[in-house]
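Visitor: Starting off with a structure, shown below.
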Amino acid sequence: MSSWAVEAKGLTRFFGSKPAVQSVSFKVAWGEVFSLLGPNGAGKTTTLRMLACLLKPNDGTAEVGGLDVLEQPLKVRELFGLLPENPGLYDSLSAQRNLRFYGEIYGLPPDKLSKRIEELLKLLQIWDRRDDKVAKFSKGMKQKIAIARALVHEPRILFLDEPTASLDPEASKVVRDFILELKARGGTILLNTHNLYEAQRLSDHVGIINTHLLAFGSPHDLADRMWSKTTIVTLKKTDERIRAALKVLEFVKGVSVENGQLAVALDNPEENNPRLAEALVRAGAEIISMREREHTLEDIYLKLVKR
Amino acid sequence: MRIKKAWIVARKDLSEFRANKQILLQLAAFTILLAVTPAIIVVSFAALTAQPPPNEPNLNLQINATIPEGEYANVHFLGVYVNNSTMSTGYVLNSYVANSTIDEVVVRHSLLDNVTVRESILIDCVLRNSDYDRGSTILMNTVTSGTTRGPADEFRALTPLLTHGVLLFMFFVMAIALPTTIAAYSFVGEKTNKTLEPLLASPLTDSELLWGKYLAVFVPVMLLIALAFVISTTIIDIAMFPTLGYILLPDAVWLLGILVITPLVCLIGISVNVLISSKVNDVRTAQQYSSLIVFPVMSALFLGPSFLSITIGIEFLAIMGVIFLGVVALLIWLSLRVFNREDILTSRK
């Protein structure tokens, strides 16, 4: 067993002369949720399709479960479950029949398959409606059934392409909760999204992509790498004298005023925040609150994609 | 290629067809049409052209002698009774021949009862309960009656319909028309409903997927054609047996047509459809395009014999069978060649 669940090695794909994905490399560990984040047309789906052996890269390759997608596509396809952008269920067939069809393709023996279908449909709470035609289900339910279909052969890796893109907020929540549940059960999930909240909520690591992979890491690490740490201080009264007193401190990198608050850029806040407080008090400031500024994934995303 | 995997795909398609009223309606309509129409045509044609069987004329035979049982060659029999004998070459006149075989004999003004006739000429005779080789026997002013084999004279009018394959032709048309309508659902349907992406991401090879699609159309179409064939020939036989005295269908031509030509024609229909499907993105367009192929194939089968002035017989069907087999092999090979997963996924955008 390979140590990485998914390993993209310089994936490149052109459509005509237009590059869709260029030299994208990343690694996804077993049991983690990895989000590919990017605007529409950034190459998220193309990247996922190359990993799912649906498209061949023009250059580079990838390994899924330790197998090369170019050399052993048929074996790779047995390792993952895929939720495409459209659920792609057979509307005229029942939820159960849809799952059974895929279970049979993956060669599950009938007894085991029946048990597996029951397990999944009960988990999704549609066991009572197992014989209803898929056409009768809501969009969110269809999406859940499609995820169940991707899971029917108990793959260790799950590819989700925009799992909540076309869903209303309620259905999105249903699907997101389900993804979190899968994560809790130890599934490795690679998902595409342009929903920053979703990526932040769900993922251990994110890759921000816009044809090229712009950044890769955990949301927290990315923020650290892109901005110096900032401590936001609210004082009863701010004046030039206090700011001057801070600027001379050797660990302070910059001081600015934002919305009446002091934004103090500094390294290593765990050690330096107490020293900052001490200096402020000594300068005669009355501190109401101090907090570290969190950079959201949105900040990171906007900074990377819009530049 | 794992045929079991292909069959899984086919079974899924069949479940989908079962849930699709339009397909069911088409299949049912075609089957009923095919089961009933040939029977109606044959039976009504027979009724319209039927004439009362001619009365047996009284021959007023003058029998003067009985010939002992035996084998005779170069006979010159006049006014004799022959029983349980074999005659080859010669003349028989004004005689009564029973339970015998005649070969290369000219018979005139005689009664033949339960006689096997080959390569002979019968003039002014009565041929009763006998078996005569239609290809080599000439009947002149001769009345046949009883269980004489080969279409009785009063049903001669039927033979173009039956032996020239006009009715058999209906089965060929169905075998190519049915696939073109339902195969469109099977393949383009996957595309328009966007169900193809997860399917292509599953561990199925191209040929398993394609063969699944072939089977999904081939199996129901052939079953229905077989059913329609059994029903229509049964109706025809039940209706015609009392007057003909023998079972008319299926004969060798019909069997060859149903067992060999219809499956091949059906496969041509499907493979052309699969080829079209890979380039077309909606069901109706696919159906329209593929209905175009009905024309050349049917022309070959229908007009070919007329131009060449031959009947749709064993030889013609055998030749067409070989040609169609080649065409089918070529089309299937082509459909596998042009099947391109990437095109299918990216072209619909």
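Within each chain, counting starts at residue 1; across the structure tokens, chains are named A, B, ... in the order shown, with ligands numbered 1 upward in that order.
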Given only C-alpha atoms, how would the per-residue table for chain A near chain B read, listing every residue at most 9 Å away with its closest atom pair and distance in Å to one decimal, sorted by chain and number, as JSON lines?
Guide:
{"residue": "A:Arg49", "atom": "CA", "partner": "B:Ala201", "partner_atom": "CA", "distance": 8.7}
{"residue": "A:Ala52", "atom": "CA", "partner": "B:Ala201", "partner_atom": "CA", "distance": 6.2}
{"residue": "A:Cys53", "atom": "CA", "partner": "B:Ala201", "partner_atom": "CA", "distance": 6.8}
{"residue": "A:Leu54", "atom": "CA", "partner": "B:Ala201", "partner_atom": "CA", "distance": 6.2}
{"residue": "A:Leu55", "atom": "CA", "partner": "B:Glu342", "partner_atom": "CA", "distance": 5.8}
{"residue": "A:Lys56", "atom": "CA", "partner": "B:Glu342", "partner_atom": "CA", "distance": 8.0}
{"residue": "A:Pro73", "atom": "CA", "partner": "B:Pro203", "partner_atom": "CA", "distance": 8.3}
{"residue": "A:Leu74", "atom": "CA", "partner": "B:Pro203", "partner_atom": "CA", "distance": 5.3}
{"residue": "A:Lys75", "atom": "CA", "partner": "B:Pro203", "partner_atom": "CA", "distance": 7.1}
{"residue": "A:Val76", "atom": "CA", "partner": "B:Pro203", "partner_atom": "CA", "distance": 8.1}
{"residue": "A:Arg77", "atom": "CA", "partner": "B:Pro203", "partner_atom": "CA", "distance": 5.1}
{"residue": "A:Glu78", "atom": "CA", "partner": "B:Pro203", "partner_atom": "CA", "distance": 5.7}
{"residue": "A:Phe80", "atom": "CA", "partner": "B:Ser202", "partner_atom": "CA", "distance": 8.8}
{"residue": "A:Gly81", "atom": "CA", "partner": "B:Ser202", "partner_atom": "CA", "distance": 8.2}
{"residue": "A:Leu82", "atom": "CA", "partner": "B:Pro198", "partner_atom": "CA", "distance": 6.4}
{"residue": "A:Leu83", "atom": "CA", "partner": "B:Pro198", "partner_atom": "CA", "distance": 7.1}
{"residue": "A:Pro84", "atom": "CA", "partner": "B:Pro198", "partner_atom": "CA", "distance": 6.6}
{"residue": "A:Asn86", "atom": "CA", "partner": "B:Lys194", "partner_atom": "CA", "distance": 6.8}
{"residue": "A:Pro87", "atom": "CA", "partner": "B:Thr195", "partner_atom": "CA", "distance": 7.6}
{"residue": "A:Gly88", "atom": "CA", "partner": "B:Thr195", "partner_atom": "CA", "distance": 3.9}
{"residue": "A:Leu89", "atom": "CA", "partner": "B:Thr195", "partner_atom": "CA", "distance": 5.9}
{"residue": "A:Tyr90", "atom": "CA", "partner": "B:Thr195", "partner_atom": "CA", "distance": 6.8}
{"residue": "A:Asp91", "atom": "CA", "partner": "B:Asn193", "partner_atom": "CA", "distance": 8.5}
{"residue": "A:Ser92", "atom": "CA", "partner": "B:Ala19", "partner_atom": "CA", "distance": 6.0}
{"residue": "A:Leu93", "atom": "CA", "partner": "B:Glu16", "partner_atom": "CA", "distance": 6.5}
{"residue": "A:Arg97", "atom": "CA", "partner": "B:Lys12", "partner_atom": "CA", "distance": 8.3}
{"residue": "A:Asn98", "atom": "CA", "partner": "B:Lys12", "partner_atom": "CA", "distance": 8.6}
{"residue": "A:Phe101", "atom": "CA", "partner": "B:Lys12", "partner_atom": "CA", "distance": 6.5}
{"residue": "A:Tyr102", "atom": "CA", "partner": "B:Ser202", "partner_atom": "CA", "distance": 7.9}
{"residue": "A:Glu104", "atom": "CA", "partner": "B:Ile8", "partner_atom": "CA", "distance": 6.8}
{"residue": "A:Ile105", "atom": "CA", "partner": "B:Lys5", "partner_atom": "CA", "distance": 6.3}
{"residue": "A:Tyr106", "atom": "CA", "partner": "B:Pro203", "partner_atom": "CA", "distance": 6.8}
{"residue": "A:Gly107", "atom": "CA", "partner": "B:Lys5", "partner_atom": "CA", "distance": 8.5}
{"residue": "A:Ala150", "atom": "CA", "partner": "B:Pro198", "partner_atom": "CA", "distance": 8.3}
Visitor: Extract, using only C-alpha atoms, all DNA, RNA and protein residues at most 10 Å from Val6 of chain A, discarding same-chain residues fewer than 6 positions from it, and format them as a VMD selection string.
Guide: chain A and resid 26 to 30 34 51 62 to 68 157 188 to 190
Visitor: Mind dumping the selected residues with N, CA and C atoms as a CSV table (one decimal), in the first residue's frame?
Guide:
chain,number,residue,atom,x,y,z
A,26,PHE,N,0.3,17.5,-6.3
A,26,PHE,CA,0.0,17.6,-4.8
A,26,PHE,C,-0.1,16.2,-4.3
A,27,LYS,N,-0.1,16.0,-3.0
A,27,LYS,CA,-0.2,14.7,-2.4
A,27,LYS,C,-1.4,14.7,-1.4
A,28,VAL,N,-2.1,13.7,-1.4
A,28,VAL,CA,-3.2,13.6,-0.4
A,28,VAL,C,-3.0,12.3,0.5
A,29,ALA,N,-2.9,12.5,1.8
A,29,ALA,CA,-2.6,11.4,2.7
A,29,ALA,C,-3.9,10.6,2.9
A,30,TRP,N,-3.7,9.3,3.3
A,30,TRP,CA,-4.9,8.5,3.6
A,30,TRP,C,-5.7,9.1,4.7
A,34,PHE,N,-9.2,16.5,1.2
A,34,PHE,CA,-8.4,17.5,0.4
A,34,PHE,C,-9.4,18.2,-0.5
A,51,LEU,N,-7.5,12.3,-12.6
A,51,LEU,CA,-7.3,11.3,-11.5
A,51,LEU,C,-8.2,10.1,-11.6
A,62,ALA,N,-0.3,10.6,-12.5
A,62,ALA,CA,-0.8,10.6,-11.1
A,62,ALA,C,-0.9,9.2,-10.6
A,63,GLU,N,-0.8,9.1,-9.3
A,63,GLU,CA,-1.0,7.8,-8.7
A,63,GLU,C,-2.2,7.9,-7.8
A,64,VAL,N,-3.0,6.9,-7.9
A,64,VAL,CA,-4.2,6.8,-7.0
A,64,VAL,C,-4.1,5.4,-6.3
A,65,GLY,N,-4.0,5.5,-5.0
A,65,GLY,CA,-3.8,4.2,-4.2
A,65,GLY,C,-2.5,3.5,-4.6
A,66,GLY,N,-1.5,4.3,-5.1
A,66,GLY,CA,-0.2,3.7,-5.4
A,66,GLY,C,-0.2,3.2,-6.9
A,67,LEU,N,-1.3,3.3,-7.6
A,67,LEU,CA,-1.3,2.8,-9.0
A,67,LEU,C,-1.3,4.0,-10.0
A,68,ASP,N,-0.5,3.8,-11.0
A,68,ASP,CA,-0.4,4.9,-12.0
A,68,ASP,C,-1.7,4.9,-12.9
A,157,ILE,N,-11.0,5.6,-1.4
A,157,ILE,CA,-10.8,7.0,-1.9
A,157,ILE,C,-12.1,7.5,-2.6
A,188,THR,N,-10.9,8.7,2.7
A,188,THR,CA,-10.0,9.7,2.0
A,188,THR,C,-10.9,10.4,1.0
A,189,ILE,N,-11.0,11.7,1.1
A,189,ILE,CA,-11.9,12.4,0.2
A,189,ILE,C,-11.1,13.5,-0.5
A,190,LEU,N,-11.3,13.5,-1.8
A,190,LEU,CA,-10.8,14.6,-2.6
A,190,LEU,C,-11.9,15.3,-3.2
Visitor: Rank B:Thr285, B:Thr31, B:Ser145, B:Thr116 by their smallest atom-to-atom distance to Asp133 of chain B, using only C-alpha atoms, and report the top residue only.
Guide: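 Once distances to Asp133 of chain B are computed over only C-alpha atoms, the minimum belongs to B:Thr116.
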Visitor: As a ChimeraX atom specification, please: every residue in segment 128-275 of chain A that a backbone DSSP assignment puts in alpha helix (DSSP H).
Guide: /A:139-151,169-184,196-202,219-226,240-247,269-275
Visitor: Could you go through segment 15-117 of chain B and tell me which residues DSSP, when run on the backbone, assigns to strand (DSSP E or B), listing them as a ChimeraX atom specification?
Guide: /B:65-67,71-78,80-83,86-93,96-98,101-108,111-113,116-117
Visitor: For the residues selected in the previous step, produce a file with N, CA and C atoms as an mmCIF file, in the first residue's frame.
Guide:
data_model
loop_
_atom_site.group_PDB
_atom_site.id
_atom_site.type_symbol
_atom_site.label_atom_id
_atom_site.label_comp_id
_atom_site.auth_asym_id
_atom_site.auth_seq_id
_atom_site.Cartn_x
_atom_site.Cartn_y
_atom_site.Cartn_z
ATOM 1 N N ALA B 65 -55.365 -56.022 -67.636
ATOM 2 C CA ALA B 65 -54.393 -56.946 -67.050
ATOM 3 C C ALA B 65 -53.818 -56.381 -65.753
ATOM 4 N N THR B 66 -53.316 -57.251 -64.926
ATOM 5 C CA THR B 66 -52.610 -56.834 -63.721
ATOM 6 C C THR B 66 -51.144 -57.191 -63.879
ATOM 7 N N ILE B 67 -50.294 -56.158 -63.603
ATOM 8 C CA ILE B 67 -48.861 -56.417 -63.720
ATOM 9 C C ILE B 67 -48.363 -56.922 -62.361
ATOM 10 N N GLU B 71 -39.862 -54.489 -60.252
ATOM 11 C CA GLU B 71 -39.183 -53.304 -60.748
ATOM 12 C C GLU B 71 -39.092 -53.400 -62.255
ATOM 13 N N TYR B 72 -39.543 -52.306 -62.919
ATOM 14 C CA TYR B 72 -39.584 -52.360 -64.384
ATOM 15 C C TYR B 72 -38.863 -51.171 -64.970
ATOM 16 N N ALA B 73 -38.164 -51.415 -66.073
ATOM 17 C CA ALA B 73 -37.526 -50.323 -66.788
ATOM 18 C C ALA B 73 -38.020 -50.329 -68.219
ATOM 19 N N ASN B 74 -37.999 -49.111 -68.816
ATOM 20 C CA ASN B 74 -38.441 -48.953 -70.195
ATOM 21 C C ASN B 74 -39.800 -49.618 -70.435
ATOM 22 N N VAL B 75 -40.786 -49.189 -69.632
ATOM 23 C CA VAL B 75 -42.095 -49.871 -69.667
ATOM 24 C C VAL B 75 -42.940 -49.375 -70.842
ATOM 25 N N HIS B 76 -43.811 -50.234 -71.339
ATOM 26 C CA HIS B 76 -44.851 -49.846 -72.289
ATOM 27 C C HIS B 76 -46.129 -50.469 -71.787
ATOM 28 N N PHE B 77 -46.798 -49.771 -70.812
ATOM 29 C CA PHE B 77 -47.996 -50.355 -70.207
ATOM 30 C C PHE B 77 -49.230 -49.694 -70.779
ATOM 31 N N LEU B 78 -50.202 -50.503 -71.149
ATOM 32 C CA LEU B 78 -51.449 -49.980 -71.686
ATOM 33 C C LEU B 78 -52.607 -50.743 -71.062
ATOM 34 N N VAL B 80 -53.430 -51.370 -67.815
ATOM 35 C CA VAL B 80 -53.028 -52.360 -66.810
ATOM 36 C C VAL B 80 -53.234 -51.799 -65.401
ATOM 37 N N TYR B 81 -53.245 -52.679 -64.435
ATOM 38 C CA TYR B 81 -53.248 -52.293 -63.035
ATOM 39 C C TYR B 81 -51.870 -52.619 -62.465
ATOM 40 N N VAL B 82 -51.182 -51.590 -61.918
ATOM 41 C CA VAL B 82 -49.838 -51.811 -61.353
ATOM 42 C C VAL B 82 -49.894 -51.476 -59.864
ATOM 43 N N ASN B 83 -49.430 -52.368 -59.065
ATOM 44 C CA ASN B 83 -49.426 -52.122 -57.618
ATOM 45 C C ASN B 83 -48.049 -52.446 -57.045
ATOM 46 N N THR B 86 -42.018 -50.444 -59.064
ATOM 47 C CA THR B 86 -41.195 -49.308 -59.433
ATOM 48 C C THR B 86 -40.985 -49.336 -60.934
ATOM 49 N N MET B 87 -41.253 -48.144 -61.546
ATOM 50 C CA MET B 87 -41.064 -48.082 -62.996
ATOM 51 C C MET B 87 -40.105 -46.961 -63.317
ATOM 52 N N SER B 88 -39.117 -47.240 -64.161
ATOM 53 C CA SER B 88 -38.266 -46.145 -64.605
ATOM 54 C C SER B 88 -38.166 -46.174 -66.116
ATOM 55 N N THR B 89 -38.346 -45.016 -66.704
ATOM 56 C CA THR B 89 -38.420 -44.781 -68.157
ATOM 57 C C THR B 89 -39.551 -45.584 -68.807
ATOM 58 N N GLY B 90 -40.120 -44.969 -69.844
ATOM 59 C CA GLY B 90 -41.160 -45.667 -70.609
ATOM 60 C C GLY B 90 -42.472 -44.907 -70.665
ATOM 61 N N TYR B 91 -43.495 -45.603 -71.056
ATOM 62 C CA TYR B 91 -44.817 -45.003 -71.229
ATOM 63 C C TYR B 91 -45.849 -45.800 -70.485
ATOM 64 N N VAL B 92 -46.837 -45.063 -69.883
ATOM 65 C CA VAL B 92 -47.961 -45.740 -69.234
ATOM 66 C C VAL B 92 -49.222 -45.068 -69.762
ATOM 67 N N LEU B 93 -50.167 -45.842 -70.245
ATOM 68 C CA LEU B 93 -51.376 -45.298 -70.834
ATOM 69 C C LEU B 93 -52.602 -45.996 -70.279
ATOM 70 N N TYR B 96 -54.074 -47.909 -64.179
ATOM 71 C CA TYR B 96 -54.289 -47.559 -62.783
ATOM 72 C C TYR B 96 -53.023 -47.939 -62.018
ATOM 73 N N VAL B 97 -52.296 -46.931 -61.515
ATOM 74 C CA VAL B 97 -51.039 -47.200 -60.804
ATOM 75 C C VAL B 97 -51.262 -46.890 -59.323
ATOM 76 N N ALA B 98 -50.971 -47.825 -58.448
ATOM 77 C CA ALA B 98 -51.165 -47.600 -57.014
ATOM 78 C C ALA B 98 -49.906 -47.962 -56.228
ATOM 79 N N THR B 101 -43.683 -46.219 -57.406
ATOM 80 C CA THR B 101 -42.792 -45.107 -57.693
ATOM 81 C C THR B 101 -42.550 -45.058 -59.184
ATOM 82 N N ILE B 102 -42.679 -43.835 -59.776
ATOM 83 C CA ILE B 102 -42.355 -43.741 -61.198
ATOM 84 C C ILE B 102 -41.305 -42.674 -61.405
ATOM 85 N N ASP B 103 -40.415 -42.982 -62.336
ATOM 86 C CA ASP B 103 -39.254 -42.138 -62.542
ATOM 87 C C ASP B 103 -39.006 -42.058 -64.057
ATOM 88 N N GLU B 104 -38.983 -40.818 -64.568
ATOM 89 C CA GLU B 104 -38.764 -40.619 -66.009
ATOM 90 C C GLU B 104 -39.764 -41.410 -66.843
ATOM 91 N N VAL B 105 -41.031 -41.255 -66.519
ATOM 92 C CA VAL B 105 -42.065 -41.985 -67.252
ATOM 93 C C VAL B 105 -43.079 -40.970 -67.792
ATOM 94 N N VAL B 106 -43.560 -41.179 -68.981
ATOM 95 C CA VAL B 106 -44.652 -40.362 -69.500
ATOM 96 C C VAL B 106 -45.956 -41.111 -69.232
ATOM 97 N N VAL B 107 -46.854 -40.454 -68.487
ATOM 98 C CA VAL B 107 -48.100 -41.137 -68.117
ATOM 99 C C VAL B 107 -49.256 -40.375 -68.762
ATOM 100 N N ARG B 108 -50.151 -41.099 -69.373
ATOM 101 C CA ARG B 108 -51.268 -40.407 -70.020
ATOM 102 C C ARG B 108 -52.570 -41.099 -69.673
ATOM 103 N N LEU B 111 -54.932 -43.116 -63.694
ATOM 104 C CA LEU B 111 -55.177 -42.751 -62.301
ATOM 105 C C LEU B 111 -53.965 -43.192 -61.476
ATOM 106 N N LEU B 112 -53.379 -42.227 -60.721
ATOM 107 C CA LEU B 112 -52.233 -42.580 -59.873
ATOM 108 C C LEU B 112 -52.645 -42.350 -58.432
ATOM 109 N N ASP B 113 -52.558 -43.366 -57.644
ATOM 110 C CA ASP B 113 -52.977 -43.261 -56.245
ATOM 111 C C ASP B 113 -51.805 -43.638 -55.340
ATOM 112 N N THR B 116 -45.204 -42.054 -55.854
ATOM 113 C CA THR B 116 -44.133 -41.063 -55.807
ATOM 114 C C THR B 116 -43.665 -40.806 -57.229
ATOM 115 N N VAL B 117 -43.715 -39.516 -57.636
ATOM 116 C CA VAL B 117 -43.436 -39.195 -59.032
ATOM 117 C C VAL B 117 -42.175 -38.353 -59.132
#
Visitor: With a distance cut-off of 7 Å and only C-alpha atoms, select the neighbouring residues of segment 322-338 of chain B, excluding the residue or stretch itself and same-chain residues fewer than 5 positions from it, and output the selection as a PyMOL selection string.
Guide: chain B and resi 207+264+267-268+271-272+274-275
Visitor: Using C-alpha atoms, can you write the selected residues to a file as a PDB file, in the first residue's frame?
Guide:
ATOM      1  CA  SER B 207     -15.850  -3.375 -25.263  1.00  0.00           C
ATOM      2  CA  LEU B 264     -27.425  -9.860 -38.787  1.00  0.00           C
ATOM      3  CA  LEU B 267     -26.789  -6.063 -35.498  1.00  0.00           C
ATOM      4  CA  ILE B 268     -26.307  -3.731 -38.469  1.00  0.00           C
ATOM      5  CA  SER B 271     -23.949  -0.865 -34.658  1.00  0.00           C
ATOM      6  CA  VAL B 272     -24.869   1.964 -37.010  1.00  0.00           C
ATOM      7  CA  VAL B 274     -23.854   3.151 -31.780  1.00  0.00           C
ATOM      8  CA  LEU B 275     -21.659   4.815 -34.390  1.00  0.00           C
TER       9      LEU B 275
END
Visitor: Can you tell me, as a ChimeraX atom specification, what residues are no more than 6 Å from Gly187 of chain A when counting only C-alpha atoms, ignoring any on the same chain fewer than 2 positions away?
Guide: /A:31,156,182-183,185
Visitor: Between A:Leu222, A:Ala165, A:Leu276, A:Ile232, single out the one closest to Ser256 of chain A, counting only C-alpha atoms.
Guide: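 Of A:Leu222, A:Ala165, A:Leu276, A:Ile232, the one nearest Ser256 of chain A, counting only C-alpha atoms, is A:Ile232.
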Visitor: Quick one: residues within 10 Å of Ser186 of chain B, only C-alpha atoms, excluding same-chain residues fewer than 5 positions away - as a list in words?
Guide: Ala10, Asp13, Leu14, Glu16, Phe17, Pro179, Thr181, Lys191, Gly212, Lys213, Tyr214, Ala216, Val217, Asn273, Val274, Ser277 and Val283 of chain B
Visitor: Produce a file of the selected residues containing C-alpha atoms, as a PDB file, in the first residue's frame.
Guide:
ATOM      1  CA  ALA B  10     -27.483  -4.858 -20.677  1.00  0.00           C
ATOM      2  CA  ASP B  13     -30.663  -1.011 -19.836  1.00  0.00           C
ATOM      3  CA  LEU B  14     -33.458  -3.563 -19.947  1.00  0.00           C
ATOM      4  CA  GLU B  16     -34.714   1.143 -17.958  1.00  0.00           C
ATOM      5  CA  PHE B  17     -36.636   0.061 -21.045  1.00  0.00           C
ATOM      6  CA  PRO B 179     -33.040  -1.363 -33.002  1.00  0.00           C
ATOM      7  CA  THR B 181     -35.559   3.362 -32.443  1.00  0.00           C
ATOM      8  CA  LYS B 191     -25.371  11.001 -22.759  1.00  0.00           C
ATOM      9  CA  GLY B 212     -23.673  -4.357 -23.001  1.00  0.00           C
ATOM     10  CA  LYS B 213     -25.347  -1.803 -25.204  1.00  0.00           C
ATOM     11  CA  TYR B 214     -25.519  -4.246 -28.115  1.00  0.00           C
ATOM     12  CA  ALA B 216     -29.556  -4.641 -24.388  1.00  0.00           C
ATOM     13  CA  VAL B 217     -31.059  -4.016 -27.801  1.00  0.00           C
ATOM     14  CA  ASN B 273     -26.790   3.462 -34.133  1.00  0.00           C
ATOM     15  CA  VAL B 274     -23.854   3.151 -31.780  1.00  0.00           C
ATOM     16  CA  SER B 277     -24.565   7.942 -31.056  1.00  0.00           C
ATOM     17  CA  VAL B 283     -32.268  10.853 -28.986  1.00  0.00           C
TER      18      VAL B 283
END
Visitor: Which residues come within 6 Å of segment 231-238 of chain B, counting only C-alpha atoms, excluding same-chain residues fewer than 4 positions away, as a PDB file with N, CA, C and O atoms, in the first residue's frame?
Guide:
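out34.pdb was written with the following content:
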ATOM      1  N   ALA B  35     -46.756 -10.006 -35.763  1.00  0.00           N
ATOM      2  CA  ALA B  35     -47.351 -11.311 -35.493  1.00  0.00           C
ATOM      3  C   ALA B  35     -48.599 -11.508 -36.335  1.00  0.00           C
ATOM      4  O   ALA B  35     -48.892 -12.619 -36.772  1.00  0.00           O
ATOM      5  N   VAL B  36     -49.312 -10.442 -36.558  1.00  0.00           N
ATOM      6  CA  VAL B  36     -50.638 -10.581 -37.136  1.00  0.00           C
ATOM      7  C   VAL B  36     -50.672 -10.302 -38.637  1.00  0.00           C
ATOM      8  O   VAL B  36     -51.350 -10.998 -39.393  1.00  0.00           O
ATOM      9  N   ALA B  39     -50.049 -13.109 -41.236  1.00  0.00           N
ATOM     10  CA  ALA B  39     -51.128 -14.086 -41.165  1.00  0.00           C
ATOM     11  C   ALA B  39     -52.363 -13.551 -41.881  1.00  0.00           C
ATOM     12  O   ALA B  39     -52.997 -14.264 -42.676  1.00  0.00           O
ATOM     13  N   ILE B 247     -48.061 -28.714 -43.528  1.00  0.00           N
ATOM     14  CA  ILE B 247     -47.662 -27.507 -42.806  1.00  0.00           C
ATOM     15  C   ILE B 247     -46.813 -26.626 -43.708  1.00  0.00           C
ATOM     16  O   ILE B 247     -45.765 -27.038 -44.194  1.00  0.00           O
ATOM     17  N   LEU B 249     -45.435 -23.432 -43.201  1.00  0.00           N
ATOM     18  CA  LEU B 249     -44.292 -22.698 -42.659  1.00  0.00           C
ATOM     19  C   LEU B 249     -43.852 -23.290 -41.327  1.00  0.00           C
ATOM     20  O   LEU B 249     -44.680 -23.816 -40.602  1.00  0.00           O
TER      21      LEU B 249
END
Visitor: For Gly140 of chain A, work out the shell of residues within 8 Å, counting only C-alpha atoms and skipping chain neighbours fewer than 5 positions away, then give it as a list in words.
Guide: Leu167, Asp168, Ala171, Ser172, Val174 and Val175 of chain A
